[in-house]
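Visitor: Next up is a structure, given as structure tokens.
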Amino acid sequence: MVTKMKKLTFLVYYKDYEQFLHDLRELGVVHVVENKLNQAQSDQLERLYAQWKQLTEAKKLLEKYRDKKNPLPENPVAIEKGYRLPQEIEKIQAEMTTLTQQLQLSKKEREALIPWGNFDPGNISRLEEAGYYVRFFVVPNRDYHPEWEDLYNAVVIDNRNSKTYFITITKEANIEHQLNLEAVKMPEVSLEELNRIIDELNEKLQENKEKLIRLTADLPSLNAALKDLDSQIRYTRVHISANPVADNKIMLLQGWVPEPNEQEVRNYMDSQNVYYLIEDPQPEDDVPIQLNNNKFAKLFEPITEMYMLPKYTELDLTPFFAPFYMIFFGLSLGDIGYGLFLFIAATAVKLAKKKSLSTTLKSVLTLVQVLATSTVVCGLLTGGFFGFNIYDINIPFFQNMKNHVYFDNNQMFVLSLILGVVQIMFGMFLKIINRTKQFGFKHALSTMGWFIFLFSFIIAYLLPSVLPMFGMVHQVIMVGSAVLFLFFNSPGKNLFLNFGLGLYDIYNMATGLLGDVLSYVRLFALGLSGGILASVFNSLATGMSPKDSIIGPVVTILIFICGHAINIFMNTLGAVVHPMRLTFVEFYKNAEFSGGGKKYNPFRK
């Protein structure tokens, strides 16, 4: 259900505004209405966002260099140190960028120098001083002329990649024109010197990487700085959301508070020099949503939030779809062994990380335990246990259970359709309540007519002795319900328009309802395909293993574990997604869920 909210309006003297916001944040229960226009024009907020981006990017970089298996001992948390880290990282990265560029250039020069071998460029200079000019050339093998050796003292240095590397030693400085070739410009250092430079550059790069690795010990300080900056951003957003009135002497701020916390706010405001007004929300107000459900339904609230929150004026469907989702997950996975595995895994994590788990993660693990339990119970219907069928075992207990709970494929198919009909009819019932709550009872008459019409066929089919199909009583019910959905589907409009819209609604209902019910066949199909895949992996494990007494069992176990691990992952993913699809499409549509609510987010540290 959605917690009732109260609308707050504050009028604060501008000199007391700062202190008022600090006190309001300490109170921690008021959802402040933020002014998006003021936020978009705030230079201060823009600077904070830029700083937040720097800290976030610094954190991502350090996470890459952090050794997760053997992390460094963490340094004492210091927020100021966290704020300085981006500058330190930027300095190291700038140096690494320069070193990388130098390294790439040196490697390129080395690649060009390798065919010529290791020589001292100083010797080339000394030859030029003596009047002998050495030029370096590279030509395709077909373009090299041996007569150059006599004419220009050409010396072949190397042949590789269909190219000839040669030099000329002449007393003429411009030998290139005579050869009609362009001389290769050689590095000013030797190959040996280049190798030494490259080694030094690699060492410096490694030193900088080690600096970054050492900085990972300050990740707690960086996280603390991010939290502090988040708090500053939130405070600034709220600070600039007030509208100045009365020649900027009074700051007007609006917000929302859950009804259970109303008295707490009243007590605080009465003790302060602040004018405030508390009133009920109006239909046009954009009221923040706080879900307030029992322990069971609360486990499914993350699923609700994955789609969207309800509007303030409509029903929260979380407690209504939760039991269905649990059953649908169990039918989709449908294996006793898989359910036990998920339950044991979730329980083991909760016990092993009992002290360090967040409340959210504990809730998720509890949800896994609930869904795993449903899988075990639903798995009893077919008897699947890691691809084996327990009802094939000739044990009296299993055979007795088979007589009471076993469902064959035809029965599972029918069960899926029945569950679809039940959830869709339940959704239509909730639609009646939803429309009555939001618009009034007369707007729910059309849906009520459809509900009665369809429900009468279900009763006539299940209990023909109570309500004979198409009997006099059934015909009266059908006519009465038809009047409702033909003439009351759009209250306030004229009779003929209502009738036309009613006829169109009949077409939509006839086609849409059949498609909605058939969508639930996926519950049967997912469970069946998962069981078939499990049995296939079992066959592979026994059929592909060698007959060797030592290697054979090892191969069997490996295939069994790997195969079922893949099957558990794929089937669990399907068991999460497809019931979600049935909930958000078929159930939400028939319950006429519109959604679009924003989450209640109180202003607090």
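Residue numbering restarts at 1 in every chain; chains get A, B, ... in the order shown in the structure tokens, and ligands count up from 1 in that same order.
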Assign secondary structure with DSSP using the backbone only, and return the residues of stretch 78-221 of chain A in strand (DSSP E) as a list in words.
Guide: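 Those residues are Tyr133, Val134, Arg135, Phe136, Phe137, Val138, Val139, Pro140, Val155, Val156, Ile157, Asp158, Asn159, Arg160, Lys163, Thr164, Tyr165, Phe166, Ile167, Thr168, Ile169 and Thr170 of chain A.
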Visitor: Among stretch 127-158 of chain A, which residues does DSSP mark as helix (DSSP H, G or I) when it is run on the backbone? Keep the chain and numbering as in the structure and answer as a list of chain:residue names.
Guide: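 The helix (DSSP H, G or I) residues within stretch 127-158 of chain A come out as A:Leu127, A:Glu128, A:Glu129, A:Asn141, A:Arg142, A:Asp143, A:Trp148, A:Glu149, A:Asp150, A:Leu151.
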Visitor: Point out the residue among A:Leu367, A:Ala541, A:Met428, A:Ile566 with the least atom-to-atom distance to A:Leu513, counting only C-alpha atoms.
Guide: A:Met428
Visitor: Name the residues in contact with A:Ile233 at a cut-off of 12 Å, using only C-alpha atoms, excluding same-chain residues fewer than 5 positions from it; report them as an NGL selection string.
Guide: :A and (39 or 42 or 44-52 or 226-228 or 238-240 or 603-605)
Visitor: If you keep N, CA and C atoms, can you produce a file of those selected residues as a PDB file, in the first residue's frame?
Guide:
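Written out: out.pdb:
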ATOM      1  N   GLN A  39      18.006  24.666 -10.505  1.00  0.00           N
ATOM      2  CA  GLN A  39      19.150  23.758 -10.516  1.00  0.00           C
ATOM      3  C   GLN A  39      19.911  23.839 -11.839  1.00  0.00           C
ATOM      4  N   SER A  42      22.254  26.869 -11.915  1.00  0.00           N
ATOM      5  CA  SER A  42      23.166  27.045 -10.780  1.00  0.00           C
ATOM      6  C   SER A  42      24.605  26.712 -11.178  1.00  0.00           C
ATOM      7  N   GLN A  44      27.112  26.836  -9.034  1.00  0.00           N
ATOM      8  CA  GLN A  44      27.661  26.072  -7.913  1.00  0.00           C
ATOM      9  C   GLN A  44      27.360  24.589  -8.066  1.00  0.00           C
ATOM     10  N   LEU A  45      26.125  24.294  -8.450  1.00  0.00           N
ATOM     11  CA  LEU A  45      25.746  22.903  -8.641  1.00  0.00           C
ATOM     12  C   LEU A  45      26.507  22.279  -9.795  1.00  0.00           C
ATOM     13  N   GLU A  46      26.750  23.059 -10.827  1.00  0.00           N
ATOM     14  CA  GLU A  46      27.516  22.563 -11.969  1.00  0.00           C
ATOM     15  C   GLU A  46      28.943  22.208 -11.565  1.00  0.00           C
ATOM     16  N   ARG A  47      29.544  23.045 -10.705  1.00  0.00           N
ATOM     17  CA  ARG A  47      30.895  22.758 -10.219  1.00  0.00           C
ATOM     18  C   ARG A  47      30.921  21.491  -9.366  1.00  0.00           C
ATOM     19  N   LEU A  48      29.898  21.324  -8.547  1.00  0.00           N
ATOM     20  CA  LEU A  48      29.836  20.128  -7.699  1.00  0.00           C
ATOM     21  C   LEU A  48      29.681  18.867  -8.548  1.00  0.00           C
ATOM     22  N   TYR A  49      28.856  18.963  -9.595  1.00  0.00           N
ATOM     23  CA  TYR A  49      28.684  17.812 -10.480  1.00  0.00           C
ATOM     24  C   TYR A  49      29.993  17.479 -11.203  1.00  0.00           C
ATOM     25  N   ALA A  50      30.724  18.513 -11.610  1.00  0.00           N
ATOM     26  CA  ALA A  50      32.013  18.278 -12.277  1.00  0.00           C
ATOM     27  C   ALA A  50      32.992  17.611 -11.317  1.00  0.00           C
ATOM     28  N   GLN A  51      32.983  18.055 -10.061  1.00  0.00           N
ATOM     29  CA  GLN A  51      33.861  17.449  -9.055  1.00  0.00           C
ATOM     30  C   GLN A  51      33.443  16.009  -8.780  1.00  0.00           C
ATOM     31  N   TRP A  52      32.142  15.771  -8.748  1.00  0.00           N
ATOM     32  CA  TRP A  52      31.631  14.401  -8.531  1.00  0.00           C
ATOM     33  C   TRP A  52      32.084  13.488  -9.678  1.00  0.00           C
ATOM     34  N   LEU A 226      33.244  10.941  -1.779  1.00  0.00           N
ATOM     35  CA  LEU A 226      32.061  10.849  -2.644  1.00  0.00           C
ATOM     36  C   LEU A 226      30.774  10.989  -1.838  1.00  0.00           C
ATOM     37  N   LYS A 227      30.732  10.346  -0.672  1.00  0.00           N
ATOM     38  CA  LYS A 227      29.547  10.466   0.184  1.00  0.00           C
ATOM     39  C   LYS A 227      29.368  11.914   0.656  1.00  0.00           C
ATOM     40  N   ASP A 228      30.482  12.527   1.037  1.00  0.00           N
ATOM     41  CA  ASP A 228      30.418  13.916   1.487  1.00  0.00           C
ATOM     42  C   ASP A 228      29.955  14.824   0.351  1.00  0.00           C
ATOM     43  N   VAL A 238      18.595  21.372  -2.708  1.00  0.00           N
ATOM     44  CA  VAL A 238      17.482  21.819  -1.872  1.00  0.00           C
ATOM     45  C   VAL A 238      17.599  23.314  -1.602  1.00  0.00           C
ATOM     46  N   HIS A 239      18.816  23.779  -1.363  1.00  0.00           N
ATOM     47  CA  HIS A 239      19.035  25.179  -1.006  1.00  0.00           C
ATOM     48  C   HIS A 239      18.528  26.122  -2.095  1.00  0.00           C
ATOM     49  N   ILE A 240      18.782  25.768  -3.347  1.00  0.00           N
ATOM     50  CA  ILE A 240      18.388  26.658  -4.447  1.00  0.00           C
ATOM     51  C   ILE A 240      16.965  26.384  -4.938  1.00  0.00           C
ATOM     52  N   PHE A 603      14.978  14.537   2.693  1.00  0.00           N
ATOM     53  CA  PHE A 603      16.188  15.356   2.762  1.00  0.00           C
ATOM     54  C   PHE A 603      16.906  15.036   4.067  1.00  0.00           C
ATOM     55  N   ARG A 604      18.026  14.346   3.948  1.00  0.00           N
ATOM     56  CA  ARG A 604      18.789  13.944   5.129  1.00  0.00           C
ATOM     57  C   ARG A 604      20.216  13.636   4.717  1.00  0.00           C
ATOM     58  N   LYS A 605      21.069  13.472   5.703  1.00  0.00           N
ATOM     59  CA  LYS A 605      22.465  13.160   5.410  1.00  0.00           C
ATOM     60  C   LYS A 605      22.549  11.734   4.898  1.00  0.00           C
TER      61      LYS A 605
END
Visitor: Smallest atom-to-atom distance to A:Pro71: which of A:Glu586, A:Glu128, A:Asp218, A:Glu88, using only C-alpha atoms?
Guide: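 For A:Pro71, the nearest of the candidates is A:Asp218.
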Visitor: Applying 6 Å and only C-alpha atoms, which residues near stretch 327-344 of chain A remain after dropping the ones on its own chain fewer than 5 positions away? List them as a VMD selection string.
Guide: chain A and resid 369 372 374 to 376 378 to 379 384 to 386 523 526 to 527 571 575 579
Visitor: Any idea what's packed within 10 Å of A:Asn261, counting only C-alpha atoms, ignoring anything in its chain fewer than 2 positions away? Could you give it as an mmCIF file with C-alpha atoms, in the first residue's frame?
Guide:
data_model
loop_
_atom_site.group_PDB
_atom_site.id
_atom_site.type_symbol
_atom_site.label_atom_id
_atom_site.label_comp_id
_atom_site.auth_asym_id
_atom_site.auth_seq_id
_atom_site.Cartn_x
_atom_site.Cartn_y
_atom_site.Cartn_z
ATOM 1 C CA MET A 5 1.383 12.014 2.600
ATOM 2 C CA LYS A 6 0.946 15.556 3.898
ATOM 3 C CA VAL A 29 11.753 12.990 7.126
ATOM 4 C CA VAL A 30 10.774 15.783 4.715
ATOM 5 C CA VAL A 257 6.061 14.228 4.851
ATOM 6 C CA PRO A 258 4.523 10.779 5.515
ATOM 7 C CA GLU A 259 1.428 11.034 7.652
ATOM 8 C CA GLN A 263 3.431 15.127 14.426
ATOM 9 C CA GLU A 264 7.222 14.933 14.544
ATOM 10 C CA VAL A 265 7.424 17.773 12.012
ATOM 11 C CA ARG A 266 4.786 19.793 13.862
#
Visitor: Find the residues near A:Glu57: any atom within 12 Å, counting only C-alpha atoms, skip ones fewer than 6 places away on the same chain, and give them as a list in words.
Guide: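 So the residues in contact are Ala50, Gln51, Glu63, Lys64, Leu85, Pro86, Gln87, Ile89, Glu90, Leu222, Asn223 and Leu226 of chain A.
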Visitor: Which neighbours of stretch 192-198 of chain A fall inside 7 Å, counting only C-alpha atoms, when residues of the same chain fewer than 4 positions from it are skipped, and could you give them as a tab-separated table (two decimals) with C-alpha atoms, in the first residue's frame?
Guide:
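File written: selection13.tsv
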chain	number	residue	atom	x	y	z
A	103	LEU	CA	57.68	4.56	-25.94
A	106	SER	CA	61.01	4.75	-29.75
A	110	ARG	CA	63.65	0.65	-33.39
A	118	ASN	CA	73.52	-1.91	-34.46
A	202	ASN	CA	59.01	0.68	-19.53
Visitor: Go through A:Ser594, A:Ser358, A:Asn248, A:Glu188 one by one, measure the shortest atom-to-atom distance of each to A:Met308 using only C-alpha atoms, and give the residue with the smallest value.
Guide: A:Ser594
